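Colleague: What follows is coords_34.cif, mmCIF, C-alpha atoms and all ligand atoms.
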data_start
loop_
_atom_site.label_atom_id
_atom_site.label_comp_id
_atom_site.auth_asym_id
_atom_site.auth_seq_id
_atom_site.Cartn_x
_atom_site.Cartn_y
_atom_site.Cartn_z
CA MET A 570 -18.84 -93.47 38.28
CA VAL A 571 -18.45 -93.17 34.52
CA HIS A 572 -17.14 -90.17 32.60
CA ALA A 573 -18.59 -90.10 29.07
CA VAL A 574 -17.65 -87.63 26.34
CA VAL A 575 -19.35 -86.61 23.11
CA LEU A 576 -17.21 -84.91 20.43
CA GLY A 577 -19.45 -83.07 17.96
CA ALA A 578 -22.10 -82.72 20.66
CA ALA A 579 -23.96 -79.76 19.16
CA GLY A 580 -24.81 -81.51 15.90
CA GLY A 581 -27.80 -83.38 14.55
CA ILE A 582 -26.62 -86.63 16.15
CA GLY A 583 -24.56 -85.02 18.91
CA GLN A 584 -27.49 -83.35 20.67
CA PRO A 585 -29.89 -86.31 20.87
CA VAL A 586 -27.08 -88.77 21.66
CA SER A 587 -25.99 -86.46 24.49
CA LEU A 588 -29.59 -86.39 25.72
CA LEU A 589 -29.79 -90.20 25.71
CA LEU A 590 -26.43 -90.52 27.49
CA LYS A 591 -27.67 -88.03 30.10
CA THR A 592 -30.58 -90.40 30.78
CA ASN A 593 -28.22 -93.36 31.32
CA PRO A 594 -27.95 -93.60 35.14
CA ILE A 595 -24.53 -95.29 34.99
CA ILE A 596 -23.00 -92.08 33.60
CA THR A 597 -22.04 -89.60 36.32
CA LYS A 598 -20.09 -87.10 34.25
CA LEU A 599 -20.92 -86.04 30.68
CA SER A 600 -18.52 -83.70 28.89
CA LEU A 601 -19.57 -82.20 25.57
CA PHE A 602 -17.27 -80.73 22.93
CA ASP A 603 -18.03 -79.05 19.63
CA ILE A 604 -16.71 -76.06 17.69
CA VAL A 605 -20.05 -74.28 18.39
CA ASN A 606 -22.99 -74.16 20.83
CA THR A 607 -21.92 -76.66 23.52
CA PRO A 608 -22.47 -74.25 26.46
CA GLY A 609 -26.15 -74.01 25.48
CA VAL A 610 -26.57 -77.74 24.91
CA ALA A 611 -24.88 -78.48 28.24
CA ALA A 612 -26.94 -75.89 30.17
CA ASP A 613 -30.13 -77.33 28.72
CA LEU A 614 -29.24 -80.96 29.53
CA SER A 615 -27.94 -80.05 32.98
CA HIS A 616 -31.51 -79.34 34.17
CA ILE A 617 -32.51 -83.01 33.71
CA SER A 618 -32.77 -84.82 37.05
CA THR A 619 -30.40 -87.71 36.28
CA PRO A 620 -26.96 -88.28 37.86
CA ALA A 621 -24.60 -87.02 35.14
CA VAL A 622 -22.98 -83.64 35.70
CA VAL A 623 -22.88 -82.01 32.26
CA THR A 624 -20.28 -79.52 31.03
CA GLY A 625 -19.94 -78.01 27.57
CA TYR A 626 -16.57 -77.01 26.09
CA LEU A 627 -15.48 -75.08 23.01
CA PRO A 628 -11.99 -75.03 21.38
CA PRO A 629 -10.54 -71.95 23.17
CA ASP A 630 -8.60 -72.40 26.44
CA ASP A 631 -7.73 -76.04 25.76
CA GLY A 632 -11.41 -76.98 25.64
CA LEU A 633 -10.82 -80.30 23.91
CA LYS A 634 -8.20 -81.37 26.43
CA LYS A 635 -10.45 -80.36 29.34
CA THR A 636 -13.34 -82.31 27.80
CA LEU A 637 -11.26 -85.47 27.51
CA GLU A 638 -9.49 -85.46 30.89
CA GLY A 639 -10.43 -88.69 32.70
CA ALA A 640 -12.77 -89.83 29.91
CA GLU A 641 -13.68 -93.51 29.94
CA ILE A 642 -15.91 -93.60 26.88
CA VAL A 643 -15.74 -91.18 23.94
CA VAL A 644 -18.49 -91.03 21.33
CA ILE A 645 -17.57 -89.25 18.08
CA PRO A 646 -20.36 -87.92 15.86
CA ALA A 647 -18.29 -84.87 14.77
CA GLY A 648 -18.20 -84.03 11.11
CA VAL A 649 -20.36 -83.25 8.16
CA PRO A 650 -22.85 -85.67 6.60
CA ARG A 651 -21.63 -87.11 3.28
CA LYS A 652 -18.36 -85.13 3.18
CA PRO A 653 -15.75 -87.90 3.60
CA GLY A 654 -12.67 -85.73 2.93
CA ILE A 655 -13.57 -83.14 5.55
CA ASN A 656 -14.40 -85.78 8.15
CA ALA A 657 -11.04 -87.53 7.72
CA GLY A 658 -9.20 -84.44 8.98
CA ILE A 659 -11.69 -83.80 11.80
CA VAL A 660 -11.47 -87.38 13.04
CA ARG A 661 -7.67 -87.39 12.79
CA ASP A 662 -7.42 -84.29 14.97
CA LEU A 663 -9.89 -85.56 17.55
CA ALA A 664 -8.09 -88.93 17.67
CA THR A 665 -4.80 -87.09 18.30
CA ALA A 666 -6.37 -85.36 21.31
CA ILE A 667 -7.71 -88.69 22.62
CA ALA A 668 -4.29 -90.32 22.17
CA THR A 669 -2.62 -87.65 24.29
CA THR A 670 -5.32 -87.04 26.92
CA ALA A 671 -7.51 -90.16 27.26
CA PRO A 672 -5.59 -93.02 25.64
CA LYS A 673 -7.39 -95.73 27.63
CA ALA A 674 -10.92 -94.59 26.78
CA PHE A 675 -13.30 -96.73 24.75
CA ILE A 676 -13.65 -94.92 21.42
CA LEU A 677 -16.94 -95.16 19.50
CA VAL A 678 -16.66 -93.74 15.99
CA ILE A 679 -19.89 -92.60 14.35
CA SER A 680 -18.42 -90.07 11.86
CA ASN A 681 -18.59 -91.29 8.29
CA PRO A 682 -17.24 -92.97 6.32
CA VAL A 683 -16.87 -95.39 9.24
CA ASN A 684 -15.06 -97.88 6.97
CA SER A 685 -12.21 -95.32 6.72
CA THR A 686 -12.55 -93.22 9.89
CA VAL A 687 -11.95 -96.22 12.18
CA PRO A 688 -8.64 -97.08 10.41
CA ILE A 689 -7.77 -93.36 10.69
CA VAL A 690 -8.25 -93.42 14.47
CA ALA A 691 -6.27 -96.68 14.72
CA GLU A 692 -3.34 -95.23 12.76
CA VAL A 693 -3.26 -92.08 14.92
CA LEU A 694 -3.28 -94.19 18.11
CA LYS A 695 -0.52 -96.41 16.66
CA LYS A 696 1.62 -93.34 15.97
CA HIS A 697 1.24 -92.34 19.62
CA ASN A 698 1.97 -95.90 20.83
CA VAL A 699 -1.36 -96.11 22.65
CA TYR A 700 -3.38 -98.31 20.27
CA ASP A 701 -5.52 -100.90 22.02
CA PRO A 702 -7.70 -102.51 19.33
CA LYS A 703 -9.95 -104.00 22.02
CA ARG A 704 -11.20 -100.47 22.77
CA LEU A 705 -11.82 -99.04 19.30
CA PHE A 706 -15.25 -99.47 17.70
CA GLY A 707 -16.93 -98.30 14.52
CA VAL A 708 -20.61 -97.90 15.39
CA THR A 709 -22.69 -99.99 12.98
CA THR A 710 -25.61 -100.34 15.38
CA LEU A 711 -27.92 -98.31 13.13
CA ASP A 712 -27.68 -101.06 10.52
CA ILE A 713 -28.61 -103.63 13.18
CA VAL A 714 -31.50 -101.46 14.39
CA ARG A 715 -32.76 -101.00 10.82
CA ALA A 716 -32.47 -104.73 10.11
CA SER A 717 -34.65 -105.58 13.13
CA THR A 718 -37.25 -102.96 12.25
CA PHE A 719 -37.45 -103.70 8.53
CA LEU A 720 -37.57 -107.49 9.02
CA ALA A 721 -40.37 -107.18 11.58
CA GLU A 722 -42.17 -104.78 9.23
CA VAL A 723 -41.93 -106.99 6.14
CA ASN A 724 -43.15 -109.86 8.29
CA GLY A 725 -46.33 -107.88 9.00
CA ASP A 726 -45.76 -106.98 12.66
CA VAL A 727 -43.51 -104.01 13.32
CA THR A 728 -44.38 -104.17 17.04
CA ALA A 729 -42.16 -107.29 17.16
CA ALA A 730 -39.06 -105.23 16.18
CA PRO A 731 -37.58 -105.11 19.71
CA THR A 732 -37.53 -108.91 19.88
CA VAL A 733 -36.00 -109.48 16.42
CA THR A 734 -32.23 -109.70 16.02
CA VAL A 735 -30.30 -109.85 12.76
CA PRO A 736 -26.49 -109.98 12.75
CA VAL A 737 -25.16 -107.31 10.38
CA LEU A 738 -21.54 -107.83 9.33
CA GLY A 739 -19.01 -106.24 6.95
CA GLY A 740 -18.86 -102.46 7.02
CA HIS A 741 -21.06 -99.38 7.17
CA SER A 742 -21.82 -98.24 3.63
CA GLY A 743 -23.98 -99.63 0.84
CA VAL A 744 -22.80 -103.01 -0.42
CA THR A 745 -20.35 -103.42 2.48
CA ILE A 746 -23.34 -103.78 4.84
CA LEU A 747 -24.08 -107.52 5.11
CA PRO A 748 -27.37 -108.32 6.83
CA ILE A 749 -27.26 -112.05 7.60
CA LEU A 750 -30.99 -112.66 7.43
CA SER A 751 -30.53 -116.45 7.47
CA GLN A 752 -29.28 -116.07 11.08
CA ALA A 753 -32.19 -113.84 12.22
CA GLN A 754 -33.76 -114.71 15.54
CA PRO A 755 -36.60 -115.64 15.49
CA SER A 756 -36.07 -117.06 11.99
CA LEU A 757 -38.58 -114.76 10.30
CA SER A 758 -36.74 -114.72 6.98
CA LYS A 759 -37.99 -118.31 6.41
CA ASN A 760 -41.38 -116.72 5.64
CA LEU A 761 -39.88 -114.69 2.78
CA ASP A 762 -39.13 -115.71 -0.80
CA GLN A 763 -35.75 -114.90 -2.39
CA ALA A 764 -37.05 -111.73 -4.09
CA ALA A 765 -38.30 -110.43 -0.74
CA ILE A 766 -34.99 -111.31 0.95
CA GLU A 767 -33.07 -109.43 -1.73
CA ALA A 768 -35.34 -106.38 -1.50
CA LEU A 769 -35.02 -106.37 2.29
CA THR A 770 -31.23 -106.70 2.08
CA LYS A 771 -31.05 -103.70 -0.28
CA ARG A 772 -33.32 -101.67 2.01
CA ILE A 773 -31.02 -102.32 4.98
CA GLN A 774 -27.89 -101.58 2.93
CA PHE A 775 -29.26 -98.29 1.62
CA GLY A 776 -31.42 -97.26 4.59
CA GLY A 777 -29.34 -94.11 4.97
CA ASP A 778 -30.41 -92.93 1.49
CA GLU A 779 -34.08 -93.26 2.46
CA VAL A 780 -33.58 -90.73 5.25
CA VAL A 781 -31.38 -88.38 3.19
CA LYS A 782 -34.08 -88.28 0.49
CA ALA A 783 -36.93 -87.74 2.95
CA LYS A 784 -35.02 -84.94 4.71
CA ASP A 785 -34.62 -83.30 1.28
CA GLY A 786 -31.30 -81.53 1.79
CA ALA A 787 -31.50 -81.20 5.58
CA GLY A 788 -28.92 -83.91 6.33
CA SER A 789 -28.91 -87.62 7.04
CA ALA A 790 -30.16 -89.88 9.84
CA THR A 791 -29.70 -88.21 13.22
CA LEU A 792 -32.40 -89.38 15.65
CA SER A 793 -32.24 -93.09 14.80
CA MET A 794 -28.43 -92.79 14.85
CA ALA A 795 -28.52 -91.15 18.27
CA TYR A 796 -30.68 -94.03 19.55
CA ALA A 797 -28.29 -96.57 18.02
CA GLY A 798 -25.19 -94.79 19.36
CA ALA A 799 -26.59 -94.58 22.88
CA GLU A 800 -27.62 -98.25 22.75
CA PHE A 801 -24.10 -99.24 21.72
CA ALA A 802 -22.54 -97.07 24.45
CA ALA A 803 -24.90 -98.69 26.98
CA LYS A 804 -23.72 -102.14 25.84
CA ILE A 805 -20.08 -101.17 26.40
CA LEU A 806 -20.92 -99.87 29.87
CA LYS A 807 -22.86 -103.04 30.74
CA ALA A 808 -19.84 -105.13 29.72
CA VAL A 809 -17.60 -102.94 31.88
CA LYS A 810 -19.85 -103.80 34.82
CA GLY A 811 -19.38 -107.51 34.12
CA GLU A 812 -22.49 -108.38 32.09
CA GLU A 813 -21.99 -110.65 29.09
CA VAL A 814 -22.70 -108.67 25.92
CA ILE A 815 -22.56 -109.86 22.33
CA THR A 816 -23.13 -107.46 19.46
CA GLN A 817 -21.64 -106.46 16.11
CA SER A 818 -19.22 -103.63 15.54
CA TYR A 819 -16.63 -102.59 12.94
CA VAL A 820 -13.39 -103.52 14.69
CA SER A 821 -9.85 -104.68 14.07
CA LEU A 822 -9.68 -108.40 13.32
CA ASP A 823 -6.39 -108.33 15.26
CA ALA A 824 -8.18 -107.29 18.45
CA CYS A 825 -8.42 -110.98 19.43
CA THR A 826 -5.93 -113.30 17.79
CA GLU A 827 -7.85 -116.55 18.01
CA GLY A 828 -11.32 -115.40 16.95
CA GLY A 829 -9.94 -112.88 14.48
CA LYS A 830 -7.89 -115.49 12.61
CA LYS A 831 -10.93 -117.74 12.19
CA VAL A 832 -12.98 -114.84 10.77
CA ALA A 833 -10.10 -113.86 8.46
CA GLN A 834 -10.17 -117.43 7.12
CA GLU A 835 -13.94 -117.29 6.65
CA ILE A 836 -13.60 -114.00 4.72
CA GLY A 837 -10.76 -115.48 2.65
CA THR A 838 -9.09 -112.10 1.93
CA PRO A 839 -6.94 -110.21 4.43
CA LEU A 840 -8.83 -107.23 5.87
CA GLU A 841 -7.66 -105.30 8.91
CA PHE A 842 -11.18 -104.16 9.84
CA PHE A 843 -14.57 -105.84 9.55
CA SER A 844 -17.87 -105.64 11.37
CA VAL A 845 -18.12 -108.88 13.31
CA SER A 846 -19.93 -110.29 16.30
CA VAL A 847 -17.86 -109.51 19.36
CA LYS A 848 -18.11 -110.62 22.96
CA LEU A 849 -17.50 -107.59 25.15
CA GLY A 850 -16.03 -107.59 28.64
CA PRO A 851 -14.65 -105.07 31.14
CA ASN A 852 -11.62 -104.36 28.91
CA GLY A 853 -13.47 -104.21 25.62
CA ILE A 854 -13.40 -106.96 23.01
CA GLU A 855 -12.86 -110.36 24.65
CA LYS A 856 -13.65 -112.56 21.73
CA ILE A 857 -14.38 -112.28 18.02
CA LEU A 858 -17.07 -114.76 17.02
CA PRO A 859 -17.16 -116.66 13.73
CA LEU A 860 -19.34 -115.41 10.87
CA GLY A 861 -21.26 -118.66 11.11
CA ASP A 862 -23.17 -120.34 8.30
CA LEU A 863 -23.92 -118.11 5.33
CA ASN A 864 -26.21 -119.18 2.50
CA GLU A 865 -25.15 -118.84 -1.15
CA TYR A 866 -26.75 -115.39 -1.51
CA GLU A 867 -24.97 -114.13 1.63
CA LYS A 868 -21.65 -115.58 0.44
CA GLY A 869 -22.13 -113.55 -2.76
CA LEU A 870 -22.80 -110.39 -0.72
CA LEU A 871 -19.60 -110.99 1.27
CA LYS A 872 -17.58 -111.38 -1.90
CA ALA A 873 -19.04 -108.17 -3.34
CA ALA A 874 -18.24 -106.21 -0.16
CA ILE A 875 -14.53 -107.03 -0.02
CA PRO A 876 -13.09 -104.69 -2.71
CA GLU A 877 -14.89 -101.60 -1.34
CA LEU A 878 -13.88 -102.46 2.23
CA GLN A 879 -10.27 -102.97 1.21
CA GLU A 880 -10.22 -99.65 -0.66
CA SER A 881 -11.78 -97.73 2.25
CA ILE A 882 -9.36 -99.20 4.80
CA THR A 883 -6.37 -98.39 2.58
CA LYS A 884 -7.68 -94.83 2.07
CA GLY A 885 -7.85 -94.32 5.84
CA VAL A 886 -4.38 -95.77 6.45
CA ASN A 887 -2.85 -93.73 3.60
CA PHE A 888 -4.52 -90.55 4.84
CA ILE A 889 -2.58 -90.81 8.09
CA SER A 890 0.69 -91.97 6.55
CA THR A 891 0.66 -88.77 4.46
CA SER A 892 -0.60 -86.52 7.30
CA LYS A 893 1.68 -84.48 9.52
CA LEU A 894 0.83 -85.47 13.09
N1 LIG B 901 -22.23 -94.47 11.81
C1 LIG B 901 -23.44 -94.24 11.37
O1 LIG B 901 -24.26 -95.16 11.29
C2 LIG B 901 -23.88 -92.87 10.98
C3 LIG B 901 -22.96 -91.86 10.85
N2 LIG B 901 -23.34 -90.59 10.53
C4 LIG B 901 -22.29 -89.57 10.41
O2 LIG B 901 -22.20 -88.81 11.62
C5 LIG B 901 -21.58 -87.55 11.34
C6 LIG B 901 -22.38 -86.42 11.99
O3 LIG B 901 -23.65 -86.30 11.40
P1 LIG B 901 -24.68 -85.16 11.87
O4 LIG B 901 -24.73 -85.09 13.34
O5 LIG B 901 -25.93 -85.36 11.10
O6 LIG B 901 -23.92 -83.84 11.33
P2 LIG B 901 -24.09 -82.34 11.81
O7 LIG B 901 -23.44 -81.51 10.77
O8 LIG B 901 -25.50 -82.08 12.20
O9 LIG B 901 -23.22 -82.31 13.15
C7 LIG B 901 -21.86 -82.47 13.17
C8 LIG B 901 -21.29 -81.65 14.31
O10 LIG B 901 -19.88 -81.82 14.31
C9 LIG B 901 -19.32 -80.58 14.66
N3 LIG B 901 -17.92 -80.49 14.29
C10 LIG B 901 -17.37 -80.19 13.10
N4 LIG B 901 -16.02 -80.18 13.20
C11 LIG B 901 -15.73 -80.48 14.48
C12 LIG B 901 -14.53 -80.61 15.22
N5 LIG B 901 -13.34 -80.43 14.62
N6 LIG B 901 -14.60 -80.93 16.51
C13 LIG B 901 -15.79 -81.12 17.12
N7 LIG B 901 -16.98 -81.01 16.49
C14 LIG B 901 -16.93 -80.67 15.18
C15 LIG B 901 -20.19 -79.55 13.95
O11 LIG B 901 -20.04 -78.25 14.52
C16 LIG B 901 -21.58 -80.14 14.18
O12 LIG B 901 -22.17 -79.66 15.37
C17 LIG B 901 -21.51 -87.46 9.82
O13 LIG B 901 -20.19 -87.82 9.41
C18 LIG B 901 -22.51 -88.51 9.37
O14 LIG B 901 -22.24 -88.97 8.07
C19 LIG B 901 -24.65 -90.28 10.33
C20 LIG B 901 -25.63 -91.25 10.48
C21 LIG B 901 -25.31 -92.62 10.75
O1 LIG B 902 -26.35 -92.35 4.99
C1 LIG B 902 -25.71 -91.50 5.62
O2 LIG B 902 -25.08 -90.57 5.09
C2 LIG B 902 -25.72 -91.59 7.10
C3 LIG B 902 -25.54 -92.99 7.53
O3 LIG B 902 -24.44 -93.48 7.66
C4 LIG B 902 -26.74 -93.81 7.72
O4 LIG B 902 -27.86 -93.27 7.75
O5 LIG B 902 -26.59 -95.03 7.86
#
Let's see the structure in the file written out as structure tokens.

Modeller:
Amino acid sequence: MVHAVVLGAAGGIGQPVSLLLKTNPIITKLSLFDIVNTPGVAADLSHISTPAVVTGYLPPDDGLKKTLEGAEIVVIPAGVPRKPGINAGIVRDLATAIATTAPKAFILVISNPVNSTVPIVAEVLKKHNVYDPKRLFGVTTLDIVRASTFLAEVNGDVTAAPTVTVPVLGGHSGVTILPILSQAQPSLSKNLDQAAIEALTKRIQFGGDEVVKAKDGAGSATLSMAYAGAEFAAKILKAVKGEEVITQSYVSLDACTEGGKKVAQEIGTPLEFFSVSVKLGPNGIEKILPLGDLNEYEKGLLKAAIPELQESITKGVNFISTSKL
């Protein structure tokens, strides 16, 4: 019995991610919230012959509170593509509702800029004394998905993508995205020269721009993001059921003292949030894994990512310290 929630469920990501969650047989209750159109989305999904009972809520009559009551996992794709200022306020308000109604839920933040929206959610939860860093995740799975696909593609066999894994660390925007191609499994990057590695790294870092350009004004990645978001939610739910799961996510380095300290040393600059490899268990993050060996090029990428990450985290924290909650 799992109650999953999508906030921003009528949007470009919200609708397909809700569809994919509806097809996850572990989920028995799926509650959808948006400022528009959720009754229609919910009615449509409710005809699918999978276990989840789907309900759509709108803001009137305490809709957000009703959506969140008893929620165990909350996925947040609410917001507007490439409008960071607007999204900060939206995410703050949704986090406030989670803090008061479903403080123990796993929170999966998709709304951009993830590098700032995750600190925003953390600060709101801290203000309500319900912050559990083991349960708060910035979803960076799309970067991991892209890395697998693009590495398989450049290696001449895109059909191998499902069997290729590349750890992607750092954050979720441009130069803060650190694909660690030297740690790819299988080690396909050995077939590539340095110029090809650098081109592939840039493609992964700026994959979002490729979609924005191709959509020509009609928004950013939605379908691949929905796939990635549902995959990440499925990983959390597998871990809850006791399966061992290791993946990367943008999380607090204080979520796990031991592992987090080691990573902080590897980074060499204090950062409250970073996308790292985490071992997930029934209560969320059990262990933060070391960055592992980085080659000289990857060390340079890490160094270049730090100032932007620091600035984005500070922006998120300051946004809440100057907000009336
Ligand atoms: N983490 C990642 O890898 C990715 C993140 N994104 C981000 O996801 C967010 C959503 O993108 P799209 O679905 O394409 O946008 P969209 O504009 O199609 O959908 C956003 C939805 O949020 C809803 N919304 C707005 N304010 C709300 C509120 N206060 N409460 C509940 N719902 C509200 C809107 O009504 C709309 O249905 C954007 O911030 C985008 O940048 C997009 C792609 C990848
Ligand atoms: O680029 C964007 O605006 C959306 C995004 O985060 C991505 O596609 O990775």

Colleague: Show me, as CSV, the residues of chain A having an atom within 8 Å of ligand LIG 901 (chain B), each with the closest atom pair and its distance in Å, using all atoms listed in the file.

Modeller:
residue,atom,partner,partner_atom,distance
A:Leu576,CA,B:LIG901,C13,5.2
A:Gly577,CA,B:LIG901,N7,3.5
A:Ala578,CA,B:LIG901,O12,6.1
A:Ala579,CA,B:LIG901,O12,4.2
A:Gly580,CA,B:LIG901,O12,3.3
A:Gly581,CA,B:LIG901,O8,3.5
A:Ile582,CA,B:LIG901,O4,3.7
A:Gly583,CA,B:LIG901,O4,5.6
A:Phe602,CA,B:LIG901,C13,6.0
A:Asp603,CA,B:LIG901,N7,3.8
A:Ile604,CA,B:LIG901,O11,5.1
A:Val605,CA,B:LIG901,O11,5.5
A:Asn606,CA,B:LIG901,O12,7.8
A:Ile645,CA,B:LIG901,O2,8.0
A:Pro646,CA,B:LIG901,C6,4.6
A:Ala647,CA,B:LIG901,O10,3.5
A:Gly648,CA,B:LIG901,O10,4.2
A:Val649,CA,B:LIG901,O7,4.4
A:Pro650,CA,B:LIG901,O14,3.7
A:Arg651,CA,B:LIG901,O14,5.2
A:Lys652,CA,B:LIG901,O13,7.0
A:Pro653,CA,B:LIG901,O13,7.3
A:Asn656,CA,B:LIG901,O13,6.3
A:Ile659,CA,B:LIG901,N5,4.7
A:Val660,CA,B:LIG901,N5,7.4
A:Asp662,CA,B:LIG901,N5,7.1
A:Leu663,CA,B:LIG901,N6,6.7
A:Val678,CA,B:LIG901,N1,7.0
A:Ile679,CA,B:LIG901,N1,3.9
A:Ser680,CA,B:LIG901,O13,3.8
A:Asn681,CA,B:LIG901,O13,4.0
A:Pro682,CA,B:LIG901,O14,6.6
A:Val683,CA,B:LIG901,N1,6.0
A:Gly707,CA,B:LIG901,N1,7.1
A:Val708,CA,B:LIG901,N1,5.2
A:Thr709,CA,B:LIG901,O1,5.4
A:Thr710,CA,B:LIG901,O1,6.7
A:Leu711,CA,B:LIG901,O1,5.2
A:Asp712,CA,B:LIG901,O1,6.9
A:His741,CA,B:LIG901,O1,6.7
A:Gly777,CA,B:LIG901,C21,7.2
A:Gly788,CA,B:LIG901,O5,5.8
A:Ser789,CA,B:LIG901,O5,5.5
A:Ala790,CA,B:LIG901,C20,4.8
A:Thr791,CA,B:LIG901,O5,5.2
A:Met794,CA,B:LIG901,C21,5.2
A:Ala797,CA,B:LIG901,O1,8.0

Colleague: Would you write out those residues with C-alpha atoms, as a CSV table (one decimal), keeping the file's coordinate frame?

Modeller:
chain,number,residue,atom,x,y,z
A,576,LEU,CA,-17.2,-84.9,20.4
A,577,GLY,CA,-19.4,-83.1,18.0
A,578,ALA,CA,-22.1,-82.7,20.7
A,579,ALA,CA,-24.0,-79.8,19.2
A,580,GLY,CA,-24.8,-81.5,15.9
A,581,GLY,CA,-27.8,-83.4,14.6
A,582,ILE,CA,-26.6,-86.6,16.2
A,583,GLY,CA,-24.6,-85.0,18.9
A,602,PHE,CA,-17.3,-80.7,22.9
A,603,ASP,CA,-18.0,-79.0,19.6
A,604,ILE,CA,-16.7,-76.1,17.7
A,605,VAL,CA,-20.0,-74.3,18.4
A,606,ASN,CA,-23.0,-74.2,20.8
A,645,ILE,CA,-17.6,-89.2,18.1
A,646,PRO,CA,-20.4,-87.9,15.9
A,647,ALA,CA,-18.3,-84.9,14.8
A,648,GLY,CA,-18.2,-84.0,11.1
A,649,VAL,CA,-20.4,-83.2,8.2
A,650,PRO,CA,-22.8,-85.7,6.6
A,651,ARG,CA,-21.6,-87.1,3.3
A,652,LYS,CA,-18.4,-85.1,3.2
A,653,PRO,CA,-15.8,-87.9,3.6
A,656,ASN,CA,-14.4,-85.8,8.2
A,659,ILE,CA,-11.7,-83.8,11.8
A,660,VAL,CA,-11.5,-87.4,13.0
A,662,ASP,CA,-7.4,-84.3,15.0
A,663,LEU,CA,-9.9,-85.6,17.6
A,678,VAL,CA,-16.7,-93.7,16.0
A,679,ILE,CA,-19.9,-92.6,14.4
A,680,SER,CA,-18.4,-90.1,11.9
A,681,ASN,CA,-18.6,-91.3,8.3
A,682,PRO,CA,-17.2,-93.0,6.3
A,683,VAL,CA,-16.9,-95.4,9.2
A,707,GLY,CA,-16.9,-98.3,14.5
A,708,VAL,CA,-20.6,-97.9,15.4
A,709,THR,CA,-22.7,-100.0,13.0
A,710,THR,CA,-25.6,-100.3,15.4
A,711,LEU,CA,-27.9,-98.3,13.1
A,712,ASP,CA,-27.7,-101.1,10.5
A,741,HIS,CA,-21.1,-99.4,7.2
A,777,GLY,CA,-29.3,-94.1,5.0
A,788,GLY,CA,-28.9,-83.9,6.3
A,789,SER,CA,-28.9,-87.6,7.0
A,790,ALA,CA,-30.2,-89.9,9.8
A,791,THR,CA,-29.7,-88.2,13.2
A,794,MET,CA,-28.4,-92.8,14.8
A,797,ALA,CA,-28.3,-96.6,18.0

Colleague: Would you please work out which residue, of A:Ala753, A:Val780, A:Ala808, A:Leu588, is nearest to ligand LIG 902 (chain B) when using all atoms listed in the file?

Modeller: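 With all atoms listed in the file as the atom set, the closest residue is A:Val780.
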
Colleague: Skipping near chain neighbours, those fewer than 6 positions away, what residues fall within 9 Å of Gly853 of chain A using only C-alpha atoms, listed as a ChimeraX atom specification?

Modeller: /A:675,702-705,805,808-809

Colleague: For a quick check of understanding, using all atoms listed in the file, which of A:Lys804, A:Lys893, A:Lys782, A:His697 has the smallest distance to ligand LIG 902 (chain B)?

Modeller: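 Closest to ligand LIG 902 (chain B), using all atoms listed in the file: A:Lys782.
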
Colleague: Rounded to one decimal place, report the atom CA of Ser600 of chain A-atom CA of Thr624 of chain A distance in Å.

Modeller: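 Here the two named atoms are 5.0 Å from each other.
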
Colleague: Considering only C-alpha atoms, return as a ChimeraX atom specification whatever protein or nucleic-acid residues lie within 9 Å of Leu858 of chain A, sequence-local ones (same chain, fewer than 5 positions apart) excluded.

Modeller: /A:828-829,831-832,845-848
